[in-house]
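Trainee: I'd like to ask you about the structure that follows.
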Amino acid sequence: MLSRNIRYACRRYSHAVTFRTTESSPTQQTDNQFGLFYTVNKDLCKQLYGHGGLPKSYMKQSKTFAETAIMVRRPALDIINCIKATDLNKPAIRYVLYGEDGTGKSMTIAHLLHYAFEEGYLIVHVPWVSDWLRRVLRHKEMANSLTREGLVDLPLDAAAWLLHFKTQNQHLLKSPEFIVSKEYVWSKREKTEAGAPLHELVELGIARVKYACDVVDAIVNEVKLLSNSKKCKTFVAVDGYNGFFNPLTRLKTPTKKKVAPEEVTLTTSILELTKNDWTNAVMVLSADSIANPDDDTKNYLPQHLLYRKGFDHLDPFVPVKVDRYTDREFLTCANYYRDRLWIRGPLDMETELKLTSACNPFKFMEQCAPL
Amino acid sequence: MSLFIKHYRPGSIFKKQILWRLNSSVAENHESEEEFRVLDILKKRDKQQKRVARRIDVPADRAEKMSTDQNWGNVWPGPRSFHPSTVPLPIRQGFVPKGQVPPGKKANAELMKIPNFLHLTPPVIKTQCEAIKKFCTEWPKLLNSEEAIEKHYPVEVITSDYCHASPTIRNPLARVVTLRVKLSTLNLDKHAKDKLLRLVGDHYDEKTDLITLTADRCPMRRQNLDYVNYLLTACYHEAWTVEDWEKEKMEADMEYYDWNNNQSKKNLVNWYHKCINKDIALSEDEYKSFDTSVIDHGEEYKLAVSSLFNDGEREETINNYDTAVRKLLGLPERKPIE
Amino acid sequence: MNLSKNIALICKLPSHLTKVRPAVIVQTRFYPRPTSFPDYFQNPVFRKEDQATLVESNELSRIATVPVKPPTVAETSSVYYDPLVNKVINHVMKMGNKKLARSLVEKAFENIKRTQIERYHLAKTPEEKAKIELNPRDILHKAVENSKPLLQLLPIKRGGITYQVPGPITEKRSLFMAIKWLLEATNDKERTVHFPEQFAWELLDAANNTGKVVKRKQDLHRLCEANRAYAHYRWQ
């Protein structure tokens, strides 16, 4: 403890603080690496986050800095500890990340994805829920669901997600254990037999966009069965989970009727996935006020964002708060930016930026941009 | 010849003096005959002979002669306007600009204007009370503490009397009647209490558990008193009546969160069953009657969820929920951020 | 930071002078400047260094008794204060929309930084790396300097004909022309390209002594050179 205090005191007064750690495997990261940046391998980055996972502004930064570096922070370490300590035979535990805008919930999820990948989990990752329910650029291609009455399909989004699923789990899907348990009939000529490998099902979904949503549903069921029968452990990550419980989406049927989230097949699939009636799984969800942009109260607490329905669905869950930078983290971040040539100038500016950005990671990044 | 008529000044003991002036001065000073006779035009020496008013000695104030152990009740027996030389106090009264000293008691109109209660000093009041005592009954012995008074006389009626200095002696504030009663003394059941609190609204203070009803809408005090009594009676009886439509109240309409009736309990029970590998589907009533003490840390979890809903969502309640859930699921505790 | 009027100065005054102006410190006035204040109001001293020099040279007491305008929101004692950047933002601003103007200029700086960092990482040798300027404000300064004209053409009428006569130019006018040309060059951009991007490119070109703005300056210089015969018309 004494040495840690001395280190801390030295760090306060010396600005030549180390900000990097060479420990790039999240499994091995402990409190010693608290507040330091570790770099993610480029290929791994592409595999895990190729179709979403890191925030757009962060992607721009990583392009400028020519590397992807994630800071090791308290919420991620906390969840990793909890995952290490859980008994996977019990029903799945759900962690809900919450915090103010821009404090690093998506980045924590990205960090945990890396950990899950290293530990050999089967990753089911929804990069951003609002992409499905709110991003209506010109016209969102929607279709009425074939298998379920009254529900709406999002075929292109489902196909994109299946591709994402495939890239993330390439190495696992090749193993022979991942087989389909029952027969799925898609049309007169197409069907998937029981015992076929899972990746065949995935590829069918990507190729035949019409059936993509149903394929997603099938995959959800299969994954649950596989986990229950202990053939694999699953890691579910959903960013912006509270988007599923918003009263309305931006989608409109061709008859100009507004669609509620429950009427979208993808929602039902993911809600089915996040129930705690299966074992051998870990679920990390985030409640983001950006996913509820109509709500003007700056309330970032999970019960408010999830609405009653979401809370009842998720209860009991472990709420994990993602907070702003501490002094130490702020220093390391500032030093990292200096190293990457992003900011320059006298050291007084760090105190200024600390005040103006209030140690909020996103605001700090924004304000360093023109400097 | 010039004529000087001296004006008669009130209070002085002058005689009218009409002086006739002759050309030459009448030599009144015969001793100075040898000396040169000075022409006395202005008659200064005559003027010196005027009579000076005899100053009456004002006797000392009565207040100076008062002893400190006198009976003040005898000096000032009844209400009387302020008389400075009778009151032995060095009082100063009056507004003055900054730096000046307020005027003293002598000839102070302000002190004389205001009502004084010098006839009601504590010893005088004591003698009066002693005199009245033989007409009074004793204070009941059992009403010797606040709790006893509250128990037997739970309703408190507060009115005020005023001394009004204006053309009318009636103060409009004297008609205000306040009625205070403690909610715990009313013996209401849960439904009645909730309904009464809704009816009474802001008039209820949670900290002191008092319902305070104030009436000032009628011109007379008695009328206001009647009104306030009516209000209390009406609210009380209204609280006990149960309307038909109240039976249609659903769980979602409830103003407080009862964990037993809610989804949270079902989730917990299902989770518990899953943990011990029992796959049974329970009915609604079975869920409600399930005893959560079987589950480790179930009680704590129940309290945490109830407080989250009832006390509102705050950092504190969320942290409680966090600790409770971690204990329930068997996870390590959250470490504080340094 | 941006304190109201004299608070910073008042704190350092000797006590017998603070009595002189009691009410002025307490009021905060939200005036736009400079039109609301009479001429005798002095400009505020809001930079820490300037205040320090005043204290050292004992000028503070003299200035403290004189009425002073309040500093605007942009006049801060921050480390990043740059009067040239403020001036550019003001020139970019339309209809008083300072917020938008500032965000555009800041995005332009961000773009400059990103391009330069990219170039830095692409450069192989340390000498090349040293040549690349990474600070966007320095690039702005350089760009403005490179596009400042040294002479201007004055229209002088002699005998019914208006001649374009080369003449001297003041610092202020020169600076104004530089900023104006930069913005004009940025504004005739393609529809799909956004202002910050185009502005970033223009600034980088100008700092490099290439590009439209520098060319315009050089054209002006050439025209002045060509018309030097008429120079004496200024004094005729």
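Numbering starts fresh at 1 for the residues of each chain in the structure tokens, the chains themselves are lettered A, B, ... in the order given, and ligands are numbered from 1 as they appear.
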Considering only strand (DSSP E) as DSSP defines it on the backbone, what residues of region 98-174 of chain C qualify? List them as a list of chain:residue names.

Mentor: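 Those residues are C:Leu151, C:Gln152, C:Leu153, C:Leu154, C:Pro155, C:Ile156, C:Lys157, C:Arg158, C:Ile161, C:Thr162, C:Tyr163, C:Gln164, C:Val165, C:Pro166, C:Gly167, C:Pro168.
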
Trainee: Please find the residues of chain A near chain B - the criterion being any atom within 9 Å, counting only C-alpha atoms - and write them as JSON, numbers by chain.

Mentor: {"A": [74, 78, 81, 82, 83, 85, 86, 87, 89, 90, 91, 93, 276, 277, 278, 301, 302, 303, 304, 311, 312, 313, 314, 315, 316, 317, 318, 319, 320, 326]}

Trainee: Separation of CA of Thr210 (chain C) and CA of Asn90 (chain C), in Å?

Mentor: 25.0 Å

Trainee: Quick one: residues within 10 Å of Ala116 (chain A), only C-alpha atoms counted, chain neighbours fewer than 5 positions away excluded, as a VMD selection string?

Mentor: chain A and resid 26 to 27 80 83 110 to 111 121 to 123 233 to 236 282

Trainee: Would you give me, as a tab-separated table, each residue of chain C having an atom within 10 Å of an atom of chain A, along with its shortest atom pair and that distance in Å to one decimal, using only C-alpha atoms and sorting by chain and residue number?

Mentor:
residue	atom	partner	partner_atom	distance
C:Met1	CA	A:Glu352	CA	9.5
C:Ser78	CA	A:Glu352	CA	7.5
C:Val79	CA	A:Met349	CA	6.2
C:Tyr80	CA	A:Leu371	CA	7.8
C:Ser103	CA	A:Pro370	CA	9.3
C:Val105	CA	A:Pro370	CA	8.3
C:Glu106	CA	A:Pro370	CA	4.9
C:Lys107	CA	A:Pro370	CA	6.5
C:Ala108	CA	A:Pro370	CA	7.7
C:Phe109	CA	A:Pro370	CA	5.0
C:Glu110	CA	A:Pro370	CA	4.7
C:Asn111	CA	A:Pro370	CA	8.4
C:Ile112	CA	A:Pro370	CA	8.9
C:Lys113	CA	A:Trp342	CA	7.7
C:Arg114	CA	A:Thr64	CA	6.0
C:Thr115	CA	A:Thr64	CA	8.4
C:Gln116	CA	A:Thr64	CA	9.6
C:Ile117	CA	A:Thr64	CA	6.8
C:Glu118	CA	A:Thr64	CA	6.5
C:Tyr120	CA	A:Leu341	CA	9.6
C:His121	CA	A:Ala66	CA	8.3
C:Leu134	CA	A:Leu341	CA	7.7
C:Asn135	CA	A:Leu371	CA	7.5
C:Pro136	CA	A:Leu371	CA	7.3
C:Arg137	CA	A:Leu371	CA	7.9

Trainee: I'd like the contact shell of Gln218 (chain C) - 10 Å cut-off, only C-alpha atoms, skipping same-chain residues fewer than 6 positions apart - returned as a ChimeraX atom specification.

Mentor: /C:147-150,212,224

Trainee: Create the file for the chosen residues now, containing N, CA and C atoms and written as a compact mmCIF listing (two decimals), in the first residue's frame.

Mentor:
# COMPACT_ATOMS: atom_id res chain seq x y z
N SER C 147 -0.21 34.80 -47.14
CA SER C 147 -1.17 35.38 -48.08
C SER C 147 -1.40 36.86 -47.85
N LYS C 148 -0.59 37.47 -47.00
CA LYS C 148 -0.74 38.91 -46.79
C LYS C 148 -0.08 39.67 -47.93
N PRO C 149 -0.83 40.54 -48.59
CA PRO C 149 -0.19 41.34 -49.65
C PRO C 149 0.66 42.44 -49.04
N LEU C 150 1.69 42.87 -49.81
CA LEU C 150 2.57 43.91 -49.29
C LEU C 150 2.23 45.27 -49.86
N LYS C 212 -4.62 28.66 -54.17
CA LYS C 212 -5.31 29.78 -54.83
C LYS C 212 -5.01 31.12 -54.18
N CYS C 224 0.82 45.22 -59.32
CA CYS C 224 1.46 46.41 -58.75
C CYS C 224 2.76 46.73 -59.47

Trainee: Find the residues around Cys218 (chain B) up to 9 Å (only C-alpha atoms counted), leave out those fewer than 3 positions away in its own chain, and share them as an MDAnalysis selection string.

Mentor: chainID B and resid 175:176 215 221:224 227

Trainee: Can you work out the spacing between CA of Leu203 (chain C) and CA of Phe364 (chain A) in Å, to one decimal?

Mentor: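 According to the coordinates, CA of Leu203 (chain C) and CA of Phe364 (chain A) are separated by 25.4 Å.
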
Trainee: Can you pull out the residues contacting Ala207 (chain C)? Cut-off 6 Å, using only C-alpha atoms, and skip same-chain residues under 5 positions away; I want them as a list in words.

Mentor: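 Close residues of Ala207 (chain C): Ile139, Lys142 and Ala143 of chain C.
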
Trainee: What is the distance between CA of Glu171 (chain C) and CA of Lys94 (chain C), in Å to one decimal?

Mentor: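 The value is 24.2 Å.
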
Trainee: Excluding Ala76 (chain A) and residues on its chain fewer than 3 positions from it, collect all residues at most 9 Å away from it, counting only C-alpha atoms, and give them as a PDB file with all heavy atoms, in the first residue's frame.

Mentor:
ATOM      1  N   VAL A  72      -7.763   0.509 -19.653  1.00  0.00           N
ATOM      2  CA  VAL A  72      -8.261  -0.479 -18.689  1.00  0.00           C
ATOM      3  C   VAL A  72      -8.916   0.289 -17.542  1.00  0.00           C
ATOM      4  O   VAL A  72      -8.253   1.045 -16.838  1.00  0.00           O
ATOM      5  CB  VAL A  72      -7.090  -1.329 -18.151  1.00  0.00           C
ATOM      6  CG1 VAL A  72      -7.593  -2.286 -17.099  1.00  0.00           C
ATOM      7  CG2 VAL A  72      -6.431  -2.077 -19.281  1.00  0.00           C
ATOM      8  N   ARG A  73     -10.203   0.141 -17.372  1.00  0.00           N
ATOM      9  CA  ARG A  73     -10.916   0.941 -16.372  1.00  0.00           C
ATOM     10  C   ARG A  73     -11.670   0.055 -15.401  1.00  0.00           C
ATOM     11  O   ARG A  73     -11.875  -1.133 -15.643  1.00  0.00           O
ATOM     12  CB  ARG A  73     -11.876   1.894 -17.057  1.00  0.00           C
ATOM     13  CG  ARG A  73     -11.159   2.939 -17.860  1.00  0.00           C
ATOM     14  CD  ARG A  73     -12.114   3.944 -18.420  1.00  0.00           C
ATOM     15  NE  ARG A  73     -12.580   4.845 -17.378  1.00  0.00           N
ATOM     16  CZ  ARG A  73     -13.654   5.593 -17.487  1.00  0.00           C
ATOM     17  NH1 ARG A  73     -14.383   5.534 -18.570  1.00  0.00           N
ATOM     18  NH2 ARG A  73     -14.019   6.394 -16.514  1.00  0.00           N
ATOM     19  N   ILE A  79     -16.330  -6.342 -13.994  1.00  0.00           N
ATOM     20  CA  ILE A  79     -17.130  -7.381 -14.641  1.00  0.00           C
ATOM     21  C   ILE A  79     -16.273  -8.601 -14.921  1.00  0.00           C
ATOM     22  O   ILE A  79     -16.731  -9.747 -14.759  1.00  0.00           O
ATOM     23  CB  ILE A  79     -17.795  -6.837 -15.923  1.00  0.00           C
ATOM     24  CG1 ILE A  79     -18.778  -5.737 -15.552  1.00  0.00           C
ATOM     25  CG2 ILE A  79     -18.489  -7.939 -16.678  1.00  0.00           C
ATOM     26  CD1 ILE A  79     -19.553  -5.185 -16.706  1.00  0.00           C
ATOM     27  N   ILE A  80     -15.016  -8.385 -15.317  1.00  0.00           N
ATOM     28  CA  ILE A  80     -14.140  -9.545 -15.586  1.00  0.00           C
ATOM     29  C   ILE A  80     -13.968 -10.373 -14.314  1.00  0.00           C
ATOM     30  O   ILE A  80     -14.023 -11.598 -14.336  1.00  0.00           O
ATOM     31  CB  ILE A  80     -12.792  -9.075 -16.161  1.00  0.00           C
ATOM     32  CG1 ILE A  80     -12.995  -8.550 -17.567  1.00  0.00           C
ATOM     33  CG2 ILE A  80     -11.784 -10.205 -16.174  1.00  0.00           C
ATOM     34  CD1 ILE A  80     -11.762  -7.988 -18.211  1.00  0.00           C
ATOM     35  N   ASN A  81     -13.770  -9.670 -13.185  1.00  0.00           N
ATOM     36  CA  ASN A  81     -13.653 -10.377 -11.899  1.00  0.00           C
ATOM     37  C   ASN A  81     -14.886 -11.195 -11.598  1.00  0.00           C
ATOM     38  O   ASN A  81     -14.804 -12.362 -11.197  1.00  0.00           O
ATOM     39  CB  ASN A  81     -13.473  -9.359 -10.762  1.00  0.00           C
ATOM     40  CG  ASN A  81     -12.020  -9.055 -10.535  1.00  0.00           C
ATOM     41  OD1 ASN A  81     -11.153  -9.837 -10.908  1.00  0.00           O
ATOM     42  ND2 ASN A  81     -11.759  -7.914  -9.933  1.00  0.00           N
ATOM     43  N   THR A 108     -16.299  -0.013 -22.844  1.00  0.00           N
ATOM     44  CA  THR A 108     -16.228  -1.119 -21.877  1.00  0.00           C
ATOM     45  C   THR A 108     -16.715  -2.398 -22.527  1.00  0.00           C
ATOM     46  O   THR A 108     -16.124  -3.464 -22.350  1.00  0.00           O
ATOM     47  CB  THR A 108     -17.090  -0.805 -20.649  1.00  0.00           C
ATOM     48  OG1 THR A 108     -16.905   0.538 -20.279  1.00  0.00           O
ATOM     49  CG2 THR A 108     -16.757  -1.713 -19.502  1.00  0.00           C
ATOM     50  N   ILE A 109     -17.795  -2.292 -23.291  1.00  0.00           N
ATOM     51  CA  ILE A 109     -18.307  -3.486 -23.982  1.00  0.00           C
ATOM     52  C   ILE A 109     -17.258  -4.009 -24.948  1.00  0.00           C
ATOM     53  O   ILE A 109     -17.048  -5.222 -25.057  1.00  0.00           O
ATOM     54  CB  ILE A 109     -19.641  -3.171 -24.688  1.00  0.00           C
ATOM     55  CG1 ILE A 109     -20.738  -2.992 -23.656  1.00  0.00           C
ATOM     56  CG2 ILE A 109     -20.005  -4.265 -25.668  1.00  0.00           C
ATOM     57  CD1 ILE A 109     -22.114  -2.871 -24.220  1.00  0.00           C
ATOM     58  N   HIS A 111     -14.029  -3.728 -24.724  1.00  0.00           N
ATOM     59  CA  HIS A 111     -12.993  -4.369 -23.911  1.00  0.00           C
ATOM     60  C   HIS A 111     -13.423  -5.775 -23.511  1.00  0.00           C
ATOM     61  O   HIS A 111     -12.667  -6.741 -23.597  1.00  0.00           O
ATOM     62  CB  HIS A 111     -12.739  -3.487 -22.675  1.00  0.00           C
ATOM     63  CG  HIS A 111     -11.556  -3.893 -21.881  1.00  0.00           C
ATOM     64  ND1 HIS A 111     -11.145  -3.207 -20.775  1.00  0.00           N
ATOM     65  CD2 HIS A 111     -10.670  -4.904 -22.013  1.00  0.00           C
ATOM     66  CE1 HIS A 111     -10.078  -3.770 -20.264  1.00  0.00           C
ATOM     67  NE2 HIS A 111      -9.761  -4.814 -20.993  1.00  0.00           N
ATOM     68  N   LEU A 112     -14.689  -5.882 -23.066  1.00  0.00           N
ATOM     69  CA  LEU A 112     -15.182  -7.174 -22.609  1.00  0.00           C
ATOM     70  C   LEU A 112     -15.313  -8.155 -23.763  1.00  0.00           C
ATOM     71  O   LEU A 112     -15.124  -9.365 -23.570  1.00  0.00           O
ATOM     72  CB  LEU A 112     -16.527  -6.998 -21.917  1.00  0.00           C
ATOM     73  CG  LEU A 112     -16.411  -6.262 -20.584  1.00  0.00           C
ATOM     74  CD1 LEU A 112     -17.774  -5.835 -20.106  1.00  0.00           C
ATOM     75  CD2 LEU A 112     -15.748  -7.135 -19.545  1.00  0.00           C
ATOM     76  N   VAL A 322     -20.527   3.282 -15.058  1.00  0.00           N
ATOM     77  CA  VAL A 322     -19.339   3.717 -15.775  1.00  0.00           C
ATOM     78  C   VAL A 322     -19.225   5.212 -15.530  1.00  0.00           C
ATOM     79  O   VAL A 322     -20.080   5.990 -15.941  1.00  0.00           O
ATOM     80  CB  VAL A 322     -19.469   3.429 -17.283  1.00  0.00           C
ATOM     81  CG1 VAL A 322     -18.205   3.839 -17.996  1.00  0.00           C
ATOM     82  CG2 VAL A 322     -19.740   1.963 -17.501  1.00  0.00           C
TER      83      VAL A 322
END

Trainee: Could you tell me, as JSON, numbers by chain, which residues of region 109-347 of chain A DSSP assigns to helix (DSSP H, G or I) when given the backbone?

Mentor: {"A": [109, 110, 111, 112, 113, 114, 115, 116, 117, 118, 119, 129, 130, 131, 132, 133, 155, 156, 157, 158, 159, 160, 161, 162, 163, 164, 165, 166, 167, 168, 170, 171, 172, 173, 198, 199, 200, 201, 202, 203, 204, 205, 206, 207, 209, 210, 211, 212, 213, 214, 215, 216, 217, 218, 219, 220, 221, 222, 223, 224, 225, 226, 227, 228, 241, 242, 243, 244, 245, 261, 262, 263, 265, 266, 267, 268, 269, 270, 271, 272, 273, 289, 290, 291, 302, 303, 304, 305, 306, 307, 308, 309, 310, 311, 312, 313, 314, 327, 328, 329, 330, 331, 332, 333, 334, 335, 336, 337, 338, 339]}
